[in-house]
$ cat protein-v2.cif   # mmCIF, C-alpha atoms
data_target
loop_
_atom_site.group_PDB
_atom_site.id
_atom_site.type_symbol
_atom_site.label_atom_id
_atom_site.label_comp_id
_atom_site.auth_asym_id
_atom_site.auth_seq_id
_atom_site.Cartn_x
_atom_site.Cartn_y
_atom_site.Cartn_z
ATOM 1 C CA ASN A 297 14.070 3.942 14.027
ATOM 2 C CA ALA A 298 13.186 6.345 11.209
ATOM 3 C CA GLY A 299 11.935 3.641 8.818
ATOM 4 C CA VAL A 300 10.852 5.248 5.534
ATOM 5 C CA THR A 301 11.149 9.023 5.299
ATOM 6 C CA GLN A 302 9.414 11.022 2.598
ATOM 7 C CA THR A 303 9.917 14.700 1.809
ATOM 8 C CA PRO A 304 8.216 17.047 1.306
ATOM 9 C CA LYS A 305 4.932 16.271 3.111
ATOM 10 C CA PHE A 306 2.970 18.784 1.027
ATOM 11 C CA GLN A 307 3.634 20.451 -2.324
ATOM 12 C CA VAL A 308 1.709 22.639 -4.743
ATOM 13 C CA LEU A 309 2.943 22.890 -8.320
ATOM 14 C CA LYS A 310 1.834 24.635 -11.456
ATOM 15 C CA THR A 311 1.169 22.642 -14.614
ATOM 16 C CA GLY A 312 4.418 22.040 -16.478
ATOM 17 C CA GLN A 313 6.717 22.369 -13.500
ATOM 18 C CA SER A 314 9.037 19.542 -12.523
ATOM 19 C CA MET A 315 9.965 18.295 -9.084
ATOM 20 C CA THR A 316 11.498 15.394 -7.196
ATOM 21 C CA LEU A 317 9.854 13.553 -4.324
ATOM 22 C CA GLN A 318 12.448 12.176 -1.951
ATOM 23 C CA CYS A 319 12.343 8.783 -0.236
ATOM 24 C CA ALA A 320 14.938 7.316 2.116
ATOM 25 C CA GLN A 321 14.948 4.137 4.223
ATOM 26 C CA ASP A 322 17.364 3.062 6.933
ATOM 27 C CA MET A 323 16.448 -0.648 7.145
ATOM 28 C CA ASN A 324 18.822 -1.888 4.412
ATOM 29 C CA HIS A 325 15.830 -3.106 2.391
ATOM 30 C CA GLU A 326 16.512 -4.171 -1.183
ATOM 31 C CA TYR A 327 12.994 -3.634 -2.557
ATOM 32 C CA MET A 328 11.591 -0.098 -2.807
ATOM 33 C CA SER A 329 8.522 1.192 -4.575
ATOM 34 C CA TRP A 330 6.400 4.243 -5.280
ATOM 35 C CA TYR A 331 2.594 4.326 -5.214
ATOM 36 C CA ARG A 332 -0.065 6.912 -5.769
ATOM 37 C CA GLN A 333 -3.331 6.818 -3.840
ATOM 38 C CA ASP A 334 -6.447 8.354 -5.323
ATOM 39 C CA PRO A 335 -10.021 8.265 -3.954
ATOM 40 C CA GLY A 336 -11.813 5.073 -4.980
ATOM 41 C CA MET A 337 -8.714 3.724 -6.744
ATOM 42 C CA GLY A 338 -6.637 2.309 -3.926
ATOM 43 C CA LEU A 339 -2.852 2.391 -4.206
ATOM 44 C CA ARG A 340 -1.363 1.932 -7.656
ATOM 45 C CA LEU A 341 2.262 1.038 -8.284
ATOM 46 C CA ILE A 342 4.232 3.639 -10.275
ATOM 47 C CA HIS A 343 7.802 2.305 -10.279
ATOM 48 C CA TYR A 344 9.774 -0.162 -8.208
ATOM 49 C CA SER A 345 13.359 -1.264 -7.611
ATOM 50 C CA VAL A 346 14.713 -4.650 -6.526
ATOM 51 C CA GLY A 347 18.118 -3.235 -5.668
ATOM 52 C CA ALA A 348 20.597 -0.443 -6.313
ATOM 53 C CA GLY A 349 20.925 0.238 -10.030
ATOM 54 C CA ILE A 350 17.777 -1.720 -10.954
ATOM 55 C CA THR A 351 14.391 -0.109 -11.591
ATOM 56 C CA ASP A 352 11.263 -1.143 -13.447
ATOM 57 C CA GLN A 353 7.824 0.170 -14.320
ATOM 58 C CA GLY A 354 4.702 -0.558 -12.374
ATOM 59 C CA GLU A 355 1.048 -0.161 -13.264
ATOM 60 C CA VAL A 356 1.009 3.627 -13.902
ATOM 61 C CA PRO A 357 4.540 4.799 -14.851
ATOM 62 C CA ASN A 358 3.775 7.493 -17.447
ATOM 63 C CA GLY A 359 5.010 10.968 -16.496
ATOM 64 C CA TYR A 360 7.357 9.705 -13.777
ATOM 65 C CA ASN A 361 11.031 8.746 -13.630
ATOM 66 C CA VAL A 362 13.023 6.995 -10.914
ATOM 67 C CA SER A 363 16.618 6.081 -10.180
ATOM 68 C CA ARG A 364 18.265 3.963 -7.481
ATOM 69 C CA SER A 365 21.913 4.897 -7.049
ATOM 70 C CA THR A 366 22.075 3.690 -3.425
ATOM 71 C CA THR A 367 20.205 1.103 -1.343
ATOM 72 C CA GLU A 368 18.834 3.857 0.912
ATOM 73 C CA ASP A 369 17.385 6.370 -1.575
ATOM 74 C CA PHE A 370 14.699 6.101 -4.248
ATOM 75 C CA PRO A 371 13.611 9.510 -5.592
ATOM 76 C CA LEU A 372 10.582 9.964 -7.849
ATOM 77 C CA ARG A 373 10.707 12.671 -10.513
ATOM 78 C CA LEU A 374 7.744 14.353 -12.126
ATOM 79 C CA LEU A 375 9.005 15.562 -15.480
ATOM 80 C CA SER A 376 6.234 18.012 -16.444
ATOM 81 C CA ALA A 377 3.466 18.124 -13.862
ATOM 82 C CA ALA A 378 -0.140 17.705 -14.998
ATOM 83 C CA PRO A 379 -3.379 18.142 -12.996
ATOM 84 C CA SER A 380 -3.977 14.361 -13.359
ATOM 85 C CA GLN A 381 -0.931 13.818 -11.177
ATOM 86 C CA THR A 382 -2.620 15.451 -8.194
ATOM 87 C CA SER A 383 -2.539 12.661 -5.633
ATOM 88 C CA VAL A 384 -1.004 11.349 -2.442
ATOM 89 C CA TYR A 385 2.292 9.610 -3.132
ATOM 90 C CA PHE A 386 3.654 6.848 -0.912
ATOM 91 C CA CYS A 387 7.089 5.293 -0.887
ATOM 92 C CA ALA A 388 7.588 1.798 0.550
ATOM 93 C CA SER A 389 10.452 -0.553 1.246
ATOM 94 C CA SER A 390 10.589 -4.256 2.034
ATOM 95 C CA LEU A 391 13.035 -7.097 2.462
ATOM 96 C CA ASP A 392 11.926 -8.806 -0.750
ATOM 97 C CA PRO A 393 9.348 -8.658 -3.576
ATOM 98 C CA LEU A 394 6.920 -10.700 -1.440
ATOM 99 C CA GLY A 395 6.606 -7.686 0.801
ATOM 100 C CA MET A 396 8.185 -9.142 3.919
ATOM 101 C CA SER A 397 8.473 -6.425 6.575
ATOM 102 C CA GLN A 398 7.132 -3.817 4.163
ATOM 103 C CA HIS A 399 7.088 -0.284 5.567
ATOM 104 C CA PHE A 400 5.434 2.775 4.080
ATOM 105 C CA GLY A 401 6.317 6.417 4.502
ATOM 106 C CA ASP A 402 3.697 8.942 5.599
ATOM 107 C CA GLY A 403 3.169 10.239 2.079
ATOM 108 C CA THR A 404 3.557 13.405 0.025
ATOM 109 C CA ARG A 405 0.362 15.290 -0.746
ATOM 110 C CA LEU A 406 0.821 16.849 -4.166
ATOM 111 C CA SER A 407 -1.519 19.313 -5.873
ATOM 112 C CA ILE A 408 -1.041 20.393 -9.476
ATOM 113 C CA LEU A 409 -2.825 23.595 -10.447
ATOM 114 C CA THR B 117 -9.917 -2.870 -13.998
ATOM 115 C CA GLN B 118 -9.150 -3.664 -10.375
ATOM 116 C CA LEU B 119 -7.136 -6.825 -9.892
ATOM 117 C CA LEU B 120 -8.253 -7.186 -6.274
ATOM 118 C CA GLU B 121 -11.852 -6.552 -5.234
ATOM 119 C CA GLN B 122 -12.583 -5.833 -1.589
ATOM 120 C CA SER B 123 -15.966 -6.056 0.059
ATOM 121 C CA PRO B 124 -17.672 -4.424 1.690
ATOM 122 C CA GLN B 125 -16.440 -0.969 0.727
ATOM 123 C CA PHE B 126 -17.849 0.602 3.909
ATOM 124 C CA LEU B 127 -18.728 -1.003 7.226
ATOM 125 C CA SER B 128 -20.152 0.619 10.335
ATOM 126 C CA ILE B 129 -20.689 -1.610 13.365
ATOM 127 C CA GLN B 130 -21.212 -1.387 17.112
ATOM 128 C CA GLU B 131 -18.414 -2.093 19.556
ATOM 129 C CA GLY B 132 -18.288 -5.794 20.421
ATOM 130 C CA GLU B 133 -19.629 -7.060 17.101
ATOM 131 C CA ASN B 134 -17.740 -9.401 14.787
ATOM 132 C CA LEU B 135 -16.993 -8.650 11.135
ATOM 133 C CA THR B 136 -15.371 -10.149 8.060
ATOM 134 C CA VAL B 137 -13.761 -8.319 5.146
ATOM 135 C CA TYR B 138 -13.153 -10.105 1.860
ATOM 136 C CA CYS B 139 -10.471 -9.711 -0.794
ATOM 137 C CA ASN B 140 -11.087 -11.545 -4.074
ATOM 138 C CA SER B 141 -9.311 -11.937 -7.380
ATOM 139 C CA SER B 142 -9.167 -14.166 -10.429
ATOM 140 C CA SER B 143 -5.357 -14.001 -10.291
ATOM 141 C CA VAL B 144 -2.971 -16.162 -8.284
ATOM 142 C CA PHE B 145 -0.630 -14.348 -5.903
ATOM 143 C CA SER B 146 2.738 -15.316 -4.436
ATOM 144 C CA SER B 147 1.795 -13.598 -1.207
ATOM 145 C CA LEU B 148 -1.082 -11.592 0.146
ATOM 146 C CA GLN B 149 -0.945 -8.850 2.729
ATOM 147 C CA TRP B 150 -3.356 -6.887 4.855
ATOM 148 C CA TYR B 151 -2.734 -3.306 5.896
ATOM 149 C CA ARG B 152 -4.488 -0.779 8.088
ATOM 150 C CA GLN B 153 -4.313 2.897 7.193
ATOM 151 C CA GLU B 154 -5.300 5.894 9.297
ATOM 152 C CA PRO B 155 -6.057 9.355 7.834
ATOM 153 C CA GLY B 156 -2.920 11.283 6.904
ATOM 154 C CA GLU B 157 -0.631 8.292 7.384
ATOM 155 C CA GLY B 158 0.854 5.508 5.311
ATOM 156 C CA PRO B 159 -0.504 1.943 5.402
ATOM 157 C CA VAL B 160 0.808 -0.238 8.234
ATOM 158 C CA LEU B 161 1.430 -3.900 7.535
ATOM 159 C CA LEU B 162 -0.687 -6.277 9.652
ATOM 160 C CA VAL B 163 0.156 -9.664 8.163
ATOM 161 C CA THR B 164 1.717 -11.459 5.193
ATOM 162 C CA VAL B 165 0.430 -14.881 4.113
ATOM 163 C CA VAL B 166 2.259 -16.959 1.517
ATOM 164 C CA THR B 167 0.831 -20.501 1.649
ATOM 165 C CA GLY B 168 -2.554 -21.492 0.224
ATOM 166 C CA GLY B 169 -4.956 -22.288 3.074
ATOM 167 C CA GLU B 170 -2.763 -20.492 5.606
ATOM 168 C CA VAL B 171 -4.470 -19.001 8.658
ATOM 169 C CA LYS B 172 -2.769 -16.426 10.866
ATOM 170 C CA LYS B 173 -4.062 -14.872 14.058
ATOM 171 C CA LEU B 174 -3.047 -11.532 15.469
ATOM 172 C CA LYS B 175 -4.902 -11.018 18.783
ATOM 173 C CA ARG B 176 -8.557 -10.465 17.723
ATOM 174 C CA LEU B 177 -7.737 -10.498 14.000
ATOM 175 C CA THR B 178 -7.773 -13.708 11.938
ATOM 176 C CA PHE B 179 -6.423 -13.764 8.400
ATOM 177 C CA GLN B 180 -6.981 -16.555 5.895
ATOM 178 C CA PHE B 181 -5.400 -17.121 2.479
ATOM 179 C CA GLY B 182 -7.522 -19.119 0.056
ATOM 180 C CA ASP B 183 -6.401 -22.599 -0.991
ATOM 181 C CA ALA B 184 -5.889 -21.428 -4.578
ATOM 182 C CA ARG B 185 -4.040 -18.279 -3.416
ATOM 183 C CA LYS B 186 -6.581 -16.037 -5.182
ATOM 184 C CA ASP B 187 -8.518 -14.678 -2.228
ATOM 185 C CA SER B 188 -8.261 -13.803 1.424
ATOM 186 C CA SER B 189 -10.394 -12.761 4.363
ATOM 187 C CA LEU B 190 -9.881 -10.721 7.496
ATOM 188 C CA HIS B 191 -12.098 -11.493 10.493
ATOM 189 C CA ILE B 192 -12.210 -9.227 13.537
ATOM 190 C CA THR B 193 -13.710 -10.557 16.744
ATOM 191 C CA ALA B 194 -15.306 -8.195 19.263
ATOM 192 C CA ALA B 195 -14.458 -5.018 17.364
ATOM 193 C CA GLN B 196 -13.237 -2.023 19.337
ATOM 194 C CA PRO B 197 -13.229 1.712 18.448
ATOM 195 C CA GLY B 198 -9.460 1.470 18.028
ATOM 196 C CA ASP B 199 -10.049 -0.874 15.069
ATOM 197 C CA THR B 200 -11.524 2.019 13.083
ATOM 198 C CA GLY B 201 -9.581 2.662 9.873
ATOM 199 C CA LEU B 202 -9.114 1.749 6.235
ATOM 200 C CA TYR B 203 -8.203 -1.904 5.670
ATOM 201 C CA LEU B 204 -6.333 -2.736 2.488
ATOM 202 C CA CYS B 205 -5.394 -6.046 0.963
ATOM 203 C CA ALA B 206 -2.473 -6.344 -1.453
ATOM 204 C CA GLY B 207 -1.255 -9.220 -3.579
ATOM 205 C CA ALA B 208 2.257 -9.809 -4.900
ATOM 206 C CA THR B 209 2.749 -11.293 -8.347
ATOM 207 C CA GLY B 210 6.106 -11.185 -10.075
ATOM 208 C CA ASN B 211 7.848 -8.189 -8.527
ATOM 209 C CA GLN B 212 4.705 -6.078 -8.351
ATOM 210 C CA PHE B 213 2.037 -5.423 -5.736
ATOM 211 C CA TYR B 214 -1.610 -4.819 -6.490
ATOM 212 C CA PHE B 215 -3.846 -3.219 -3.880
ATOM 213 C CA GLY B 216 -7.552 -3.514 -3.367
ATOM 214 C CA THR B 217 -9.656 -0.354 -3.069
ATOM 215 C CA GLY B 218 -10.042 -0.807 0.662
ATOM 216 C CA THR B 219 -12.720 -1.296 3.314
ATOM 217 C CA SER B 220 -13.449 1.681 5.526
ATOM 218 C CA LEU B 221 -14.394 0.388 8.983
ATOM 219 C CA THR B 222 -16.033 2.478 11.678
ATOM 220 C CA VAL B 223 -16.576 0.961 15.110
ATOM 221 C CA ILE B 224 -19.099 2.916 17.152
ATOM 222 C CA PRO B 225 -18.593 2.934 20.944
#

$ encode --input "protein-v2.cif" --output "C-alpha coordinates"
Amino acid sequence: NAGVTQTPKFQVLKTGQSMTLQCAQDMNHEYMSWYRQDPGMGLRLIHYSVGAGITDQGEVPNGYNVSRSTTEDFPLRLLSAAPSQTSVYFCASSLDPLGMSQHFGDGTRLSIL
Amino acid sequence: TQLLEQSPQFLSIQEGENLTVYCNSSSVFSSLQWYRQEPGEGPVLLVTVVTGGEVKKLKRLTFQFGDARKDSSLHITAAQPGDTGLYLCAGATGNQFYFGTGTSLTVIP
(Lines of atoms letter the chains of each structure in order from A and count residues from 1; the text may use other names and numbers.)
(Lines give C-alpha, C1' and ligand atoms only; values in the text may rest on other atoms or scores of the structure.)
Protein backbone atom coordinates (compact mmCIF):
# COMPACT_ATOMS: atom_id res chain seq x y z
CA ASN A 1 0.00 0.00 0.00
CA ALA A 2 1.33 3.44 -0.94
CA GLY A 3 -0.42 5.29 1.90
CA VAL A 4 0.36 9.02 1.67
CA THR A 5 2.64 10.11 -1.15
CA GLN A 6 4.30 13.51 -1.20
CA THR A 7 6.22 15.06 -4.09
CA PRO A 8 8.78 16.46 -4.47
CA LYS A 9 11.00 15.20 -1.62
CA PHE A 10 13.36 18.18 -1.88
CA GLN A 11 12.99 21.64 -3.41
CA VAL A 12 15.00 24.86 -3.47
CA LEU A 13 13.22 28.07 -4.43
CA LYS A 14 14.16 31.69 -4.74
CA THR A 15 12.25 34.33 -2.79
CA GLY A 16 9.10 35.31 -4.66
CA GLN A 17 8.73 32.11 -6.63
CA SER A 18 5.58 30.03 -6.38
CA MET A 19 5.20 26.28 -6.28
CA THR A 20 2.81 23.47 -5.44
CA LEU A 21 3.55 20.61 -3.06
CA GLN A 22 1.64 17.51 -4.05
CA CYS A 23 -0.05 15.07 -1.68
CA ALA A 24 -2.03 11.96 -2.60
CA GLN A 25 -3.53 9.18 -0.47
CA ASP A 26 -5.01 5.87 -1.55
CA MET A 27 -6.86 4.93 1.67
CA ASN A 28 -10.13 6.75 0.90
CA HIS A 29 -9.61 8.96 3.96
CA GLU A 30 -11.90 11.95 4.31
CA TYR A 31 -9.63 14.08 6.52
CA MET A 32 -6.38 15.47 5.09
CA SER A 33 -4.02 18.07 6.46
CA TRP A 34 -0.77 19.91 5.90
CA TYR A 35 1.84 20.62 8.58
CA ARG A 36 5.18 22.30 8.73
CA GLN A 37 7.90 21.09 11.09
CA ASP A 38 10.54 23.49 12.32
CA PRO A 39 13.28 22.88 14.92
CA GLY A 40 11.99 23.42 18.45
CA MET A 41 8.46 24.15 17.20
CA GLY A 42 7.01 20.72 16.60
CA LEU A 43 4.46 20.26 13.82
CA ARG A 44 2.08 23.12 13.17
CA LEU A 45 -1.14 22.78 11.19
CA ILE A 46 -1.31 24.93 8.03
CA HIS A 47 -4.58 23.90 6.38
CA TYR A 48 -6.92 20.93 6.60
CA SER A 49 -9.86 19.39 4.76
CA VAL A 50 -12.71 17.26 6.10
CA GLY A 51 -13.74 16.12 2.64
CA ALA A 52 -13.70 16.93 -1.06
CA GLY A 53 -14.62 20.56 -1.66
CA ILE A 54 -14.15 21.58 1.99
CA THR A 55 -11.01 23.25 3.34
CA ASP A 56 -10.22 25.37 6.37
CA GLN A 57 -7.32 27.20 7.96
CA GLY A 58 -5.12 25.79 10.66
CA GLU A 59 -2.71 27.45 13.05
CA VAL A 60 -0.31 29.00 10.47
CA PRO A 61 -2.16 29.49 7.14
CA ASN A 62 -0.64 32.77 5.91
CA GLY A 63 1.19 32.48 2.58
CA TYR A 64 -0.37 29.13 1.68
CA ASN A 65 -3.41 28.03 -0.31
CA VAL A 66 -5.07 24.63 -0.61
CA SER A 67 -7.85 22.99 -2.59
CA ARG A 68 -9.53 19.59 -2.40
CA SER A 69 -11.18 18.69 -5.69
CA THR A 70 -10.97 14.92 -5.07
CA THR A 71 -10.83 12.68 -2.00
CA GLU A 72 -7.34 11.48 -2.98
CA ASP A 73 -5.46 14.75 -3.60
CA PHE A 74 -4.69 17.75 -1.40
CA PRO A 75 -2.08 20.08 -2.94
CA LEU A 76 -0.47 22.93 -1.00
CA ARG A 77 0.44 26.10 -2.88
CA LEU A 78 3.05 28.63 -1.86
CA LEU A 79 1.98 31.86 -3.51
CA SER A 80 5.17 33.93 -3.18
CA ALA A 81 7.90 32.05 -1.34
CA ALA A 82 9.65 33.74 1.59
CA PRO A 83 12.73 32.58 3.56
CA SER A 84 10.45 32.11 6.62
CA GLN A 85 8.74 29.31 4.73
CA THR A 86 11.91 27.21 4.73
CA SER A 87 10.77 24.08 6.53
CA VAL A 88 9.86 20.43 6.23
CA TYR A 89 6.28 20.00 5.08
CA PHE A 90 4.20 16.95 5.95
CA CYS A 91 0.87 15.86 4.55
CA ALA A 92 -1.38 13.54 6.56
CA SER A 93 -4.66 11.73 6.10
CA SER A 94 -7.02 10.05 8.54
CA LEU A 95 -10.43 8.46 8.73
CA ASP A 96 -11.87 11.30 10.81
CA PRO A 97 -10.94 14.53 12.65
CA LEU A 98 -10.04 12.48 15.75
CA GLY A 99 -7.08 11.16 13.83
CA MET A 100 -8.14 7.53 13.60
CA SER A 101 -5.66 5.62 11.44
CA GLN A 102 -3.75 8.82 10.67
CA HIS A 103 -0.89 8.36 8.21
CA PHE A 104 1.82 10.85 7.33
CA GLY A 105 3.84 11.18 4.16
CA ASP A 106 7.63 11.28 4.27
CA GLY A 107 7.76 15.04 3.86
CA THR A 108 9.00 17.69 1.45
CA ARG A 109 12.16 19.52 2.47
CA LEU A 110 11.84 23.06 1.16
CA SER A 111 14.53 25.74 1.20
CA ILE A 112 13.81 29.34 0.21
CA LEU A 113 16.86 31.40 -0.69
CA THR B 1 2.51 29.64 22.85
CA GLN B 2 2.60 25.86 22.74
CA LEU B 3 -0.73 24.23 23.46
CA LEU B 4 0.90 20.92 24.41
CA GLU B 5 4.05 20.80 26.53
CA GLN B 6 6.17 17.67 26.45
CA SER B 7 8.78 16.71 29.00
CA PRO B 8 11.53 15.90 29.05
CA GLN B 9 12.76 17.43 25.80
CA PHE B 10 15.76 15.07 25.63
CA LEU B 11 16.29 11.70 27.28
CA SER B 12 19.32 9.43 27.09
CA ILE B 13 19.12 6.12 28.93
CA GLN B 14 20.79 2.72 29.04
CA GLU B 15 19.22 -0.33 27.43
CA GLY B 16 16.90 -2.08 29.88
CA GLU B 17 15.89 1.02 31.82
CA ASN B 18 12.32 2.26 32.15
CA LEU B 19 11.18 5.77 31.20
CA THR B 20 8.12 8.00 31.16
CA VAL B 21 7.38 10.89 28.82
CA TYR B 22 4.73 13.45 29.72
CA CYS B 23 2.38 15.54 27.59
CA ASN B 24 0.52 18.32 29.40
CA SER B 25 -1.97 21.01 28.49
CA SER B 26 -4.53 23.33 30.02
CA SER B 27 -6.91 22.48 27.16
CA VAL B 28 -9.33 19.58 26.87
CA PHE B 29 -8.90 17.30 23.86
CA SER B 30 -11.34 15.01 22.06
CA SER B 31 -8.53 12.55 21.45
CA LEU B 32 -4.83 12.33 22.09
CA GLN B 33 -2.25 10.53 20.02
CA TRP B 34 1.35 9.47 20.34
CA TYR B 35 3.69 9.24 17.38
CA ARG B 36 7.26 8.13 16.83
CA GLN B 37 9.35 9.85 14.18
CA GLU B 38 12.70 8.79 12.76
CA PRO B 39 15.10 11.18 10.95
CA GLY B 40 14.03 11.92 7.38
CA GLU B 41 10.63 10.28 7.79
CA GLY B 42 7.10 11.26 8.71
CA PRO B 43 5.61 10.57 12.15
CA VAL B 44 4.15 7.08 12.63
CA LEU B 45 1.04 6.72 14.74
CA LEU B 46 1.50 4.54 17.85
CA VAL B 47 -1.83 4.96 19.63
CA THR B 48 -5.02 7.02 19.83
CA VAL B 49 -6.82 7.46 23.16
CA VAL B 50 -10.26 9.05 23.36
CA THR B 51 -11.67 8.33 26.84
CA GLY B 52 -10.55 10.11 30.01
CA GLY B 53 -8.60 7.68 32.20
CA GLU B 54 -8.04 5.29 29.30
CA VAL B 55 -4.93 3.10 29.41
CA LYS B 56 -3.62 1.30 26.34
CA LYS B 57 -0.71 -1.09 26.10
CA LEU B 58 1.33 -1.81 23.01
CA LYS B 59 3.95 -4.46 23.89
CA ARG B 60 6.42 -2.59 26.18
CA LEU B 61 4.68 0.77 25.72
CA THR B 62 1.88 1.94 28.03
CA PHE B 63 -0.17 5.02 27.20
CA GLN B 64 -2.47 6.82 29.61
CA PHE B 65 -4.98 9.61 28.97
CA GLY B 66 -5.69 11.83 31.95
CA ASP B 67 -9.12 11.75 33.58
CA ALA B 68 -9.80 15.34 32.51
CA ARG B 69 -8.52 14.65 28.96
CA LYS B 70 -5.87 17.38 29.30
CA ASP B 71 -2.73 15.29 29.66
CA SER B 72 -1.16 11.99 28.76
CA SER B 73 1.88 9.88 29.49
CA LEU B 74 3.91 7.31 27.62
CA HIS B 75 5.80 4.71 29.66
CA ILE B 76 8.37 2.40 28.08
CA THR B 77 9.47 -0.67 29.99
CA ALA B 78 12.93 -2.17 29.43
CA ALA B 79 13.92 0.25 26.67
CA GLN B 80 15.76 -1.12 23.66
CA PRO B 81 18.01 0.64 21.10
CA GLY B 82 15.21 0.23 18.56
CA ASP B 83 13.08 2.58 20.69
CA THR B 84 15.40 5.47 19.81
CA GLY B 85 13.54 8.29 18.06
CA LEU B 86 11.46 11.43 18.47
CA TYR B 87 8.20 10.88 20.36
CA LEU B 88 5.40 13.33 19.68
CA CYS B 89 2.05 13.77 21.34
CA ALA B 90 -0.85 15.42 19.51
CA GLY B 91 -4.28 16.49 20.69
CA ALA B 92 -7.43 16.90 18.60
CA THR B 93 -9.84 19.71 19.38
CA GLY B 94 -12.54 20.71 16.94
CA ASN B 95 -11.18 19.64 13.56
CA GLN B 96 -7.61 20.61 14.36
CA PHE B 97 -4.57 18.82 15.75
CA TYR B 98 -1.97 20.40 17.98
CA PHE B 99 1.42 18.76 18.41
CA GLY B 100 3.84 18.93 21.27
CA THR B 101 7.47 19.84 20.59
CA GLY B 102 8.60 16.27 21.07
CA THR B 103 10.88 14.16 23.26
CA SER B 104 14.07 12.94 21.66
CA LEU B 105 14.91 9.52 23.14
CA THR B 106 18.27 7.80 22.79
CA VAL B 107 18.68 4.28 24.13
CA ILE B 108 22.32 3.32 24.53
CA PRO B 109 23.19 -0.37 24.04

$ residues_around --input "protein-v2.cif" --residues "A:Ser380" --least-positions-apart "5" --cutoff "10 Å" --atoms "only C-alpha atoms" --output "ChimeraX atom specification"
/A:311,407-409

$ resolve_selection --input "protein-v2.cif" --expression "the PyMOL selection byres ((chain B) within 6 of (chain A))" --output "number ranges by chain"
B: 147, 157-158, 208, 211, 215-217

$ residues_around --input "protein-v2.cif" --residues "stretch 130-139 of chain B" --least-positions-apart "5" --cutoff "6 Å" --atoms "only C-alpha atoms" --output "ChimeraX atom specification"
/B:121-123,187-196,223-225

$ residues_near_point --input "protein-v2.cif" --point "(-3.7, -6.4, -2.1)" --cutoff "8 Å" --atoms "all atoms listed in the file" --output "ChimeraX atom specification"
/B:120,139,148-150,204-208,213-216

$ atom_distance --input "protein-v2.cif" --atom1 "atom CA of A:Pro371" --atom2 "atom CA of A:Ala348"
12.2 Å

$ residues_near_point --input "protein-v2.cif" --point "(-3.7, 4.5, 7.2)" --cutoff "10 Å" --atoms "all atoms listed in the file" --output "list in words"
Phe400 and Asp402 of chain A; Tyr151, Arg152, Gln153, Glu154, Pro155, Gly156, Glu157, Gly158, Pro159, Val160, Leu161, Gly201, Leu202, Tyr203 and Leu204 of chain B

$ atom_distance --input "protein-v2.cif" --atom1 "atom CA of B:Thr164" --atom2 "atom CA of A:Pro357"
26.0 Å

$ atom_distance --input "protein-v2.cif" --atom1 "atom CA of B:Leu221" --atom2 "atom CA of B:Arg176"
15.1 Å

$ residues_around --input "protein-v2.cif" --residues "A:Met315" --least-positions-apart "6" --cutoff "8 Å" --atoms "all atoms listed in the file" --output "PDB file with C-alpha atoms, in the coordinates of the input"
ATOM      1  CA  ARG A 373      10.707  12.671 -10.513  1.00  0.00           C
ATOM      2  CA  LEU A 374       7.744  14.353 -12.126  1.00  0.00           C
ATOM      3  CA  LEU A 375       9.005  15.562 -15.480  1.00  0.00           C
TER       4      LEU A 375
END
